[in-house]
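Trainee: Pasting final38.txt here (compact mmCIF, C-alpha atoms):
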```txt
# COMPACT_ATOMS: atom_id res chain seq x y z
CA MET Q 165 0.00 0.00 0.00
CA SER Q 166 1.44 3.40 -1.00
CA THR Q 167 1.81 6.56 1.04
CA LYS Q 168 -0.97 8.11 -1.00
CA ASP Q 169 -3.32 5.21 -0.21
CA TYR Q 170 -2.84 5.57 3.53
CA VAL Q 171 -3.11 9.36 3.54
CA GLU Q 172 -5.97 9.88 1.10
CA LYS Q 173 -8.22 6.86 1.62
CA ASP Q 174 -10.75 7.37 4.41
CA TYR Q 175 -11.53 3.79 5.43
CA TYR Q 176 -14.01 4.94 8.06
CA LYS Q 177 -15.99 6.71 5.36
CA VAL Q 178 -15.80 3.65 3.09
CA LEU Q 179 -17.48 1.52 5.78
CA GLY Q 180 -19.72 4.34 6.99
CA VAL Q 181 -18.61 4.11 10.62
CA PRO Q 182 -17.35 6.82 13.01
CA LYS Q 183 -13.64 7.01 13.87
CA ASP Q 184 -14.36 5.83 17.42
CA ALA Q 185 -16.36 2.78 16.27
CA THR Q 186 -15.72 -0.38 18.24
CA ALA Q 187 -14.31 -3.55 16.65
CA ALA Q 188 -17.74 -5.18 16.95
CA GLU Q 189 -19.45 -2.25 15.19
CA ILE Q 190 -16.89 -2.33 12.38
CA LYS Q 191 -17.32 -6.10 11.92
CA LYS Q 192 -21.14 -5.87 11.93
CA THR Q 193 -21.13 -3.07 9.35
CA TYR Q 194 -18.60 -4.87 7.14
CA ARG Q 195 -20.56 -8.12 7.10
CA LYS Q 196 -23.71 -6.25 6.09
CA LEU Q 197 -21.96 -4.40 3.27
CA ALA Q 198 -20.03 -7.49 2.12
CA ARG Q 199 -23.27 -9.44 1.66
CA GLU Q 200 -24.84 -6.52 -0.23
CA PHE Q 201 -21.96 -5.95 -2.66
CA HIS Q 202 -20.46 -9.45 -2.96
CA PRO Q 203 -19.75 -10.34 -6.63
CA ASP Q 204 -21.82 -13.52 -6.36
CA ALA Q 205 -24.87 -11.40 -5.49
CA ASN Q 206 -24.14 -8.77 -8.19
CA LYS Q 207 -22.93 -10.74 -11.17
CA GLY Q 208 -21.77 -8.50 -14.01
CA ASP Q 209 -22.01 -5.34 -11.89
CA ALA Q 210 -18.58 -3.71 -12.10
CA LYS Q 211 -19.49 -0.93 -9.66
CA ALA Q 212 -20.60 -3.42 -7.00
CA GLU Q 213 -17.40 -5.39 -7.53
CA GLU Q 214 -15.27 -2.26 -7.08
CA ARG Q 215 -17.27 -1.31 -4.00
CA PHE Q 216 -16.72 -4.80 -2.56
CA LYS Q 217 -12.95 -4.46 -3.05
CA ASP Q 218 -12.93 -1.06 -1.32
CA ILE Q 219 -14.96 -2.44 1.59
CA SER Q 220 -12.63 -5.44 1.97
CA GLU Q 221 -9.54 -3.20 1.89
CA ALA Q 222 -10.99 -0.89 4.53
CA TYR Q 223 -12.03 -3.76 6.79
CA ASP Q 224 -8.64 -5.43 6.45
CA VAL Q 225 -7.00 -2.35 7.99
CA LEU Q 226 -9.64 -1.34 10.56
CA SER Q 227 -10.28 -4.88 11.85
CA ASP Q 228 -6.64 -5.30 12.82
CA GLU Q 229 -5.98 -3.36 16.02
CA LYS Q 230 -2.32 -2.70 15.24
CA ARG Q 231 -2.83 -1.72 11.61
CA ARG Q 232 -5.75 0.51 12.60
CA LYS Q 233 -3.54 2.32 15.11
CA GLU Q 234 -0.83 2.82 12.49
CA TYR Q 235 -3.40 4.06 9.98
CA ASP Q 236 -4.85 6.57 12.45
CA GLU Q 237 -1.36 7.83 13.33
CA ALA Q 238 -0.40 8.13 9.67
CA ARG Q 239 -3.56 10.10 8.91
CA SER Q 240 -2.90 12.33 11.88
CA LEU Q 241 0.65 13.08 10.75
CA PHE Q 242 0.09 13.39 7.00
CA GLY Q 243 -3.61 13.94 6.49
CA ASN Q 244 -3.61 17.68 7.08
CA GLY Q 245 -0.95 19.23 4.92
CA GLY Q 246 1.96 16.95 5.64
CA PHE Q 247 4.40 16.38 8.47
CA ARG Q 248 6.02 19.48 9.96
CA PRO Q 249 9.20 18.75 11.95
CA GLY Q 250 9.74 21.17 14.83
CA GLY Q 251 12.60 23.63 14.93
CA ALA Q 252 14.56 25.14 12.10
CA GLY Q 253 17.94 24.16 10.76
CA GLY Q 254 18.46 21.35 13.29
CA ASN Q 255 19.98 17.96 12.56
CA TYR Q 256 17.48 15.14 12.74
CA ASN Q 257 18.23 11.45 12.75
CA PHE Q 258 14.66 10.23 12.41
CA ASP Q 259 13.22 7.10 10.84
CA PHE Q 260 9.58 6.03 10.85
CA GLY Q 261 10.80 2.44 10.79
CA ASP Q 262 12.11 3.08 14.34
CA LEU Q 263 8.99 4.88 15.49
CA PHE Q 264 6.53 2.18 14.44
CA SER Q 265 7.54 -1.48 14.20
CA GLY Q 266 6.14 -3.70 11.45
CA SER Q 267 3.03 -5.73 12.06
CA GLY Q 268 4.70 -8.93 10.85
CA GLY Q 269 3.33 -11.88 8.98
CA GLY Q 270 2.51 -12.44 5.34
CA GLY Q 271 4.40 -9.86 3.35
CA GLY Q 272 5.22 -7.12 5.80
CA GLY Q 273 3.23 -4.29 7.21
CA GLY Q 274 3.57 -1.53 9.74
CA ILE Q 275 3.94 2.15 9.07
CA GLY Q 276 7.65 1.70 8.39
CA ASP Q 277 6.72 -0.34 5.30
CA VAL Q 278 3.85 1.92 4.27
CA PHE Q 279 6.11 4.98 4.30
CA GLY Q 280 9.26 3.09 3.28
CA GLY Q 281 11.89 5.49 1.99
CA LEU Q 282 10.02 8.56 3.27
CA PHE Q 283 13.23 10.20 4.44
CA ASN Q 284 15.44 8.63 1.79
CA ARG Q 285 17.82 11.22 0.39
CA GLY Q 286 18.88 9.18 -2.62
CA GLY Q 287 17.13 7.55 -5.56
CA ARG Q 288 15.72 4.04 -5.37
CA GLN Q 289 14.21 1.45 -7.64
CA ALA Q 290 10.49 0.72 -7.73
CA GLN Q 291 9.79 -1.84 -5.03
CA PRO Q 292 7.70 -5.01 -5.28
CA ARG Q 293 4.15 -4.48 -4.05
CA ARG Q 294 2.32 -7.04 -1.94
CA GLY Q 295 -1.03 -8.21 -3.23
CA ALA Q 296 -4.23 -7.15 -1.51
CA ASP Q 297 -5.90 -9.32 1.11
CA VAL Q 298 -9.17 -10.93 0.05
CA GLU Q 299 -12.21 -11.41 2.28
CA THR Q 300 -14.88 -14.04 1.73
CA GLU Q 301 -17.51 -15.98 3.69
CA VAL Q 302 -18.59 -19.58 3.96
CA THR Q 303 -21.57 -21.24 5.62
CA LEU Q 304 -21.11 -24.71 7.11
CA SER Q 305 -23.51 -27.23 8.53
CA PHE Q 306 -23.19 -27.98 12.24
CA THR Q 307 -21.58 -31.33 11.48
CA GLU Q 308 -19.07 -29.84 9.02
CA ALA Q 309 -18.00 -27.30 11.62
CA VAL Q 310 -17.43 -30.00 14.23
CA ASP Q 311 -15.63 -32.49 11.97
CA GLY Q 312 -14.01 -30.12 9.45
CA ALA Q 313 -14.74 -29.89 5.74
CA THR Q 314 -13.23 -29.06 2.36
CA VAL Q 315 -15.38 -26.45 0.62
CA PRO Q 316 -15.15 -24.61 -2.73
CA LEU Q 317 -14.74 -20.83 -2.46
CA ARG Q 318 -15.24 -18.49 -5.40
CA MET Q 319 -13.23 -15.29 -5.10
CA THR Q 320 -12.83 -12.17 -7.18
CA SER Q 321 -9.64 -10.14 -6.83
CA GLN Q 322 -7.15 -8.06 -8.78
CA ALA Q 323 -4.43 -9.95 -10.67
CA PRO Q 324 -1.93 -9.16 -13.45
CA CYS Q 325 -3.78 -8.67 -16.73
CA ARG Q 326 -3.41 -11.82 -18.84
CA ALA Q 327 -3.59 -9.94 -22.13
CA CYS Q 328 -0.48 -7.84 -21.41
CA ALA Q 329 1.14 -10.01 -18.70
CA GLY Q 330 0.77 -7.13 -16.25
CA THR Q 331 2.79 -4.57 -18.24
CA GLY Q 332 -0.24 -2.44 -19.13
CA ALA Q 333 1.04 -2.13 -22.71
CA LYS Q 334 -0.69 -3.33 -25.85
CA THR Q 335 0.54 -6.63 -27.28
CA GLY Q 336 3.70 -6.08 -29.29
CA THR Q 337 4.68 -2.92 -27.40
CA THR Q 338 6.52 -2.29 -24.15
CA PRO Q 339 6.29 0.45 -21.53
CA ARG Q 340 9.10 2.99 -21.22
CA VAL Q 341 10.86 4.17 -18.10
CA CYS Q 342 9.22 7.24 -16.61
CA PRO Q 343 11.55 10.22 -17.25
CA THR Q 344 10.24 12.06 -14.19
CA CYS Q 345 11.10 9.48 -11.52
CA VAL Q 346 13.58 7.48 -13.65
CA GLY Q 347 11.73 4.25 -12.89
CA ALA Q 348 11.63 4.70 -9.11
CA GLY Q 349 7.89 5.33 -8.94
CA THR Q 350 8.45 8.14 -6.42
CA VAL Q 351 9.77 11.67 -6.52
CA SER Q 352 11.47 13.52 -3.67
CA ARG Q 353 10.73 17.03 -2.54
CA GLY Q 354 12.54 19.14 0.04
CA GLN Q 355 10.92 19.68 3.42
CA GLY Q 356 13.42 21.49 5.61
CA ALA Q 357 15.99 18.97 6.79
CA PHE Q 358 14.07 16.11 5.17
CA ALA Q 359 13.57 14.81 1.67
CA LEU Q 360 10.00 13.52 1.44
CA SER Q 361 9.00 10.96 -1.19
CA ASP Q 362 5.64 11.01 -2.95
CA PRO Q 363 4.25 8.74 -5.68
CA CYS Q 364 5.18 10.06 -9.10
CA ARG Q 365 2.17 11.75 -10.67
CA ASP Q 366 3.23 11.09 -14.24
CA CYS Q 367 3.44 7.29 -13.89
CA LYS Q 368 1.16 6.99 -10.84
CA GLY Q 369 3.87 5.24 -8.86
CA ARG Q 370 4.52 2.44 -11.36
CA GLY Q 371 7.89 3.71 -12.60
CA MET Q 372 6.84 3.04 -16.21
CA ILE Q 373 4.76 4.94 -18.74
CA VAL Q 374 2.52 3.17 -21.23
CA ASP Q 375 2.17 5.02 -24.54
CA ASP Q 376 -0.03 2.39 -26.20
CA PRO Q 377 -2.23 0.93 -23.45
CA CYS Q 378 -3.62 -2.58 -23.37
CA THR Q 379 -7.21 -2.69 -24.62
CA VAL Q 380 -8.24 -5.04 -21.83
CA CYS Q 381 -6.88 -3.31 -18.69
CA HIS Q 382 -6.54 0.16 -20.30
CA GLY Q 383 -2.94 0.47 -19.17
CA SER Q 384 -3.34 -0.39 -15.48
CA GLY Q 385 -1.71 -3.81 -15.81
CA ARG Q 386 -4.37 -5.21 -13.46
CA ALA Q 387 -7.64 -6.98 -14.15
CA SER Q 388 -10.37 -8.64 -12.13
CA SER Q 389 -9.78 -12.34 -11.75
CA ALA Q 390 -12.42 -14.82 -10.60
CA ARG Q 391 -11.25 -18.19 -9.36
CA THR Q 392 -12.58 -21.11 -7.38
CA MET Q 393 -10.34 -22.92 -4.94
CA GLN Q 394 -10.84 -25.81 -2.55
CA VAL Q 395 -10.24 -24.69 1.03
CA ARG Q 396 -9.92 -26.98 4.03
CA ILE Q 397 -11.85 -25.66 7.03
CA PRO Q 398 -10.33 -27.18 10.19
CA ALA Q 399 -12.38 -29.32 12.57
CA GLY Q 400 -13.83 -27.50 15.56
CA VAL Q 401 -14.32 -24.13 13.85
CA GLN Q 402 -16.95 -21.97 15.51
CA ASP Q 403 -19.62 -19.60 14.22
CA GLY Q 404 -18.19 -16.13 13.60
CA GLN Q 405 -14.57 -17.33 13.50
CA ARG Q 406 -12.24 -15.68 10.96
CA ILE Q 407 -9.64 -17.93 9.36
CA ARG Q 408 -6.50 -16.56 7.71
CA LEU Q 409 -4.99 -18.46 4.76
CA LYS Q 410 -1.55 -17.02 4.10
CA GLY Q 411 -0.65 -16.26 0.48
CA LYS Q 412 -4.09 -17.15 -0.92
CA GLY Q 413 -5.19 -13.57 -1.63
CA ALA Q 414 -4.57 -11.32 -4.64
CA GLN Q 415 -1.28 -11.63 -6.53
CA GLY Q 416 1.41 -9.03 -5.94
CA GLU Q 417 2.97 -6.59 -8.38
CA ARG Q 418 6.56 -6.53 -9.61
CA GLY Q 419 7.29 -9.86 -7.96
CA GLY Q 420 5.64 -8.91 -4.66
CA GLN Q 421 4.19 -11.53 -2.34
CA PRO Q 422 0.49 -12.41 -2.69
CA GLY Q 423 -1.95 -11.17 -0.09
CA ASP Q 424 -3.82 -13.34 2.36
CA LEU Q 425 -7.30 -14.82 2.24
CA TYR Q 426 -9.59 -14.26 5.22
CA VAL Q 427 -12.59 -16.58 5.52
CA SER Q 428 -15.45 -15.62 7.84
CA VAL Q 429 -17.27 -18.77 8.95
CA HIS Q 430 -21.00 -19.06 9.63
CA VAL Q 431 -22.40 -22.25 11.15
CA ASP Q 432 -26.01 -23.43 10.79
CA ALA Q 433 -27.85 -24.56 13.90
CA HIS Q 434 -28.52 -28.27 14.57
CA PRO Q 435 -32.05 -29.46 15.48
CA VAL Q 436 -30.76 -31.64 18.36
CA PHE Q 437 -27.26 -30.60 19.41
CA GLY Q 438 -25.81 -27.33 20.62
CA ARG Q 439 -22.27 -26.27 21.38
CA LYS Q 440 -20.28 -24.70 24.22
CA ALA Q 441 -16.64 -24.18 23.20
CA ASP Q 442 -15.29 -27.71 22.53
CA ASN Q 443 -18.26 -29.45 24.18
CA LEU Q 444 -21.51 -30.43 22.52
CA THR Q 445 -24.81 -30.18 24.36
CA VAL Q 446 -28.05 -32.10 24.17
CA THR Q 447 -31.26 -32.14 26.25
CA VAL Q 448 -32.67 -35.61 26.97
CA PRO Q 449 -36.20 -36.15 28.36
CA VAL Q 450 -36.66 -38.74 31.16
CA THR Q 451 -39.78 -40.03 32.89
CA PHE Q 452 -40.64 -39.30 36.50
CA PRO Q 453 -39.94 -42.91 37.59
CA GLU Q 454 -36.53 -42.79 35.87
CA ALA Q 455 -35.65 -39.54 37.64
CA ALA Q 456 -36.93 -40.78 41.02
CA LEU Q 457 -35.64 -44.38 40.94
CA GLY Q 458 -32.59 -43.93 38.70
CA GLY Q 459 -31.49 -46.23 35.90
CA THR Q 460 -29.63 -46.30 32.61
CA ILE Q 461 -30.64 -44.00 29.77
CA GLU Q 462 -29.60 -44.04 26.11
CA VAL Q 463 -28.31 -40.77 24.61
CA PRO Q 464 -27.70 -39.94 20.91
CA THR Q 465 -24.30 -38.63 19.75
CA LEU Q 466 -23.30 -36.61 16.69
CA ASN Q 467 -22.36 -38.95 13.81
CA GLY Q 468 -21.79 -41.89 16.12
CA PRO Q 469 -23.57 -44.68 18.01
CA ALA Q 470 -25.69 -43.84 21.03
CA VAL Q 471 -24.10 -44.01 24.47
CA LYS Q 472 -25.60 -45.27 27.72
CA LEU Q 473 -25.33 -43.14 30.85
CA LYS Q 474 -26.21 -43.97 34.43
CA LEU Q 475 -28.94 -41.73 35.82
CA PRO Q 476 -28.68 -41.43 39.63
CA ALA Q 477 -31.78 -42.02 41.74
CA GLY Q 478 -33.44 -38.76 42.77
CA SER Q 479 -32.17 -36.84 39.75
CA ALA Q 480 -33.58 -33.31 39.59
CA ASN Q 481 -34.77 -31.58 36.47
CA GLY Q 482 -31.80 -29.79 34.81
CA LEU Q 483 -29.14 -32.22 36.06
CA THR Q 484 -26.17 -32.40 33.65
CA LEU Q 485 -24.42 -35.68 32.85
CA ARG Q 486 -21.18 -35.93 30.88
CA ALA Q 487 -20.24 -38.32 28.06
CA ARG Q 488 -16.49 -37.87 27.73
CA GLY Q 489 -14.86 -37.65 24.30
CA LYS Q 490 -18.15 -37.24 22.42
CA GLY Q 491 -17.85 -33.49 21.76
CA ALA Q 492 -16.20 -31.31 19.10
CA THR Q 493 -12.68 -31.88 17.80
CA ARG Q 494 -9.99 -29.69 19.38
CA LYS Q 495 -6.89 -28.28 17.65
CA ASP Q 496 -4.73 -31.05 19.13
CA GLY Q 497 -7.00 -33.76 17.68
CA THR Q 498 -8.68 -34.70 20.96
CA ARG Q 499 -12.41 -34.24 21.46
CA GLY Q 500 -14.46 -32.38 24.00
CA ASP Q 501 -17.38 -33.88 25.90
CA LEU Q 502 -21.10 -34.26 25.33
CA LEU Q 503 -23.03 -32.46 28.07
CA VAL Q 504 -26.40 -34.12 28.63
CA THR Q 505 -29.10 -32.09 30.39
CA VAL Q 506 -31.90 -34.10 32.00
CA GLU Q 507 -35.45 -32.86 31.44
CA VAL Q 508 -38.08 -34.58 33.58
CA VAL Q 509 -41.27 -35.08 31.57
CA VAL Q 510 -44.55 -34.63 33.43
CA PRO Q 511 -47.52 -36.33 31.70
CA LYS Q 512 -50.43 -34.02 30.88
CA HIS Q 513 -53.09 -36.74 31.30
CA VAL Q 514 -52.95 -39.63 33.79
CA THR Q 515 -55.59 -42.37 33.80
CA GLY Q 516 -56.19 -45.94 34.88
CA ASP Q 517 -53.53 -47.79 36.85
CA ALA Q 518 -51.09 -44.91 36.51
CA LEU Q 519 -53.58 -42.56 38.17
CA SER Q 520 -54.24 -45.01 41.01
CA ALA Q 521 -50.52 -45.50 41.55
CA LEU Q 522 -49.89 -41.76 41.71
CA GLU Q 523 -52.73 -41.23 44.19
CA GLN Q 524 -51.29 -43.93 46.41
CA TYR Q 525 -47.88 -42.32 46.10
CA ARG Q 526 -49.33 -38.95 47.11
CA GLU Q 527 -50.95 -40.44 50.20
CA ALA Q 528 -47.76 -42.25 51.13
CA THR Q 529 -45.72 -39.03 50.93
CA ALA Q 530 -48.30 -36.62 52.33
CA SER Q 531 -46.11 -35.88 55.36
CA ASP Q 532 -43.18 -34.85 53.15
CA ASP Q 533 -43.77 -31.19 52.33
CA PRO Q 534 -41.07 -30.00 49.86
CA ARG Q 535 -42.01 -26.37 50.59
CA ALA Q 536 -41.70 -26.53 54.37
CA ALA Q 537 -38.11 -25.27 54.41
CA LEU Q 538 -39.12 -22.39 52.12
CA PHE Q 539 -41.75 -21.11 54.57
CA GLN Q 540 -39.44 -21.57 57.55
CA ALA Q 541 -36.78 -19.47 55.86
CA ALA Q 542 -39.30 -16.79 54.94
CA GLU Q 543 -40.60 -16.54 58.53
CA GLY Q 544 -37.07 -16.36 59.98
CA ALA Q 545 -35.91 -13.60 57.65
```
Spell out the structure here as structure tokens.
Mentor:
Amino acid sequence: MSTKDYVEKDYYKVLGVPKDATAAEIKKTYRKLAREFHPDANKGDAKAEERFKDISEAYDVLSDEKRRKEYDEARSLFGNGGFRPGGAGGNYNFDFGDLFSGSGGGGGGGIGDVFGGLFNRGGRQAQPRRGADVETEVTLSFTEAVDGATVPLRMTSQAPCRACAGTGAKTGTTPRVCPTCVGAGTVSRGQGAFALSDPCRDCKGRGMIVDDPCTVCHGSGRASSARTMQVRIPAGVQDGQRIRLKGKGAQGERGGQPGDLYVSVHVDAHPVFGRKADNLTVTVPVTFPEAALGGTIEVPTLNGPAVKLKLPAGSANGLTLRARGKGATRKDGTRGDLLVTVEVVVPKHVTGDALSALEQYREATASDDPRAALFQAAEGA
């Protein structure tokens, strides 16, 4: 990303959120916009595709706490007329690479990279440019999320134009070195004790000028590329989780590293099972005699045979039993547990022998008032 990108692009405005928006507000707004402008939902709509790329670029910066901080600081320093070093005629030994460390991972980052060469007093060659990160979404079934799945993902991103091999020049012609920046892509201007570098206006930072532009990309050297790739979603992924696939984003320029692919995962609900972290949950109904007298109950599992659990005598409604190793798969390959909640079923209609038996039971336990302790506590308070 160039100096001009960081200074001139208002990512908050792109997403339509205030500068003090929380991470949750930014994520919620992005997901709404991404669904609205996703290429799959707007096939053939170039404006929607461009809007989707802008939204993804803005979210990639603002969703990362460190990159967002660097972006805000860069805008603060350079967004209002440029940086103004204090004092006059003093000697400064100042490097943004020392002030802000890189964010690391997948092709660099940090304000030192964004403003690389800002105080460079000599000429330099045009540098490779890392490809943009790509954002996409996938919806999994409950079972796929627990066990893992390989799913096809269709993505649209910028890539070198195939017609001109990324040169931007019409077939049979070649670009020429920009005479203004001599191929560096940047020009320096004096600023007191500093020499500040800006993208060259004549070649727009590319270092080359195309006299006879490619008819496909119109001289930009970039074109939209749609591709489908098979992506392995790991077992145990949870709803709302964001997975990073290094080097699977847009291709870089001038030999730069490709960007990363970020996959936001959505998981459909299951009609029987729920989930708490690495444990699965299920509610199992039991009869009153089973709860009172105890016994062995059979419990279903996800994609496996049923298990039998011992139900203690006198089990209360809401009691939780545990079937170990029958939950979701963890990162280390082990599995969580299945948490079984007991739900005592009370019959709505009782007749015949069952009614007689219950009446006898009521008479036999008439002296046992379960609410006696409640009233005693209330009177003593």
Trainee: Could you state the separation of atom CA of Q:Pro343 and atom CA of Q:Cys364 in Å, given to one decimal place?
Mentor: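 Spanning atom CA of Q:Pro343 to atom CA of Q:Cys364 is a straight-line distance of 10.3 Å.
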Trainee: For a test of reading the model, state the distance in Å between atom CA of Q:Gln402 and atom CA of Q:Tyr176, rounded to one decimal.
Mentor: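 Separation between atom CA of Q:Gln402 and atom CA of Q:Tyr176: 28.1 Å.
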Trainee: Between atom CA of Q:Cys345 and atom CA of Q:Pro292, what distance in Å does the model show, to one decimal?
Mentor: 16.1 Å
Trainee: Counting only C-alpha atoms, which of Q:Phe437, Q:Phe452, Q:Phe539, Q:Tyr194 gets nearest to Q:Phe306?
Mentor: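 Result for the nearest residue to Q:Phe306: Q:Phe437.
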Trainee: Within 10 Å of Q:Gly385, counting all atoms listed in the file, which residues qualify if same-chain residues fewer than 4 places away don't, as a VMD selection string?
Mentor: chain Q and resid 322 to 333 370 374 377 to 378 380 to 381 417
Trainee: Q:Ala456: which residues within 10 Å, counting all atoms listed in the file, same-chain residues fewer than 3 positions away excluded, as a ChimeraX atom specification?
Mentor: /Q:451-453,459,475-480,508
Trainee: With distances taken over only C-alpha atoms, which of Q:Ala187, Q:Val429, Q:Gly180, Q:Leu466 is nearest to Q:Asp228?
Mentor: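 The closest residue to Q:Asp228 is Q:Ala187.
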Trainee: So, with only C-alpha atoms as the atoms that count, which of Q:Lys410, Q:Gly419, Q:Ala390, Q:Val471 lies closest to Q:Lys207?
Mentor: Q:Ala390
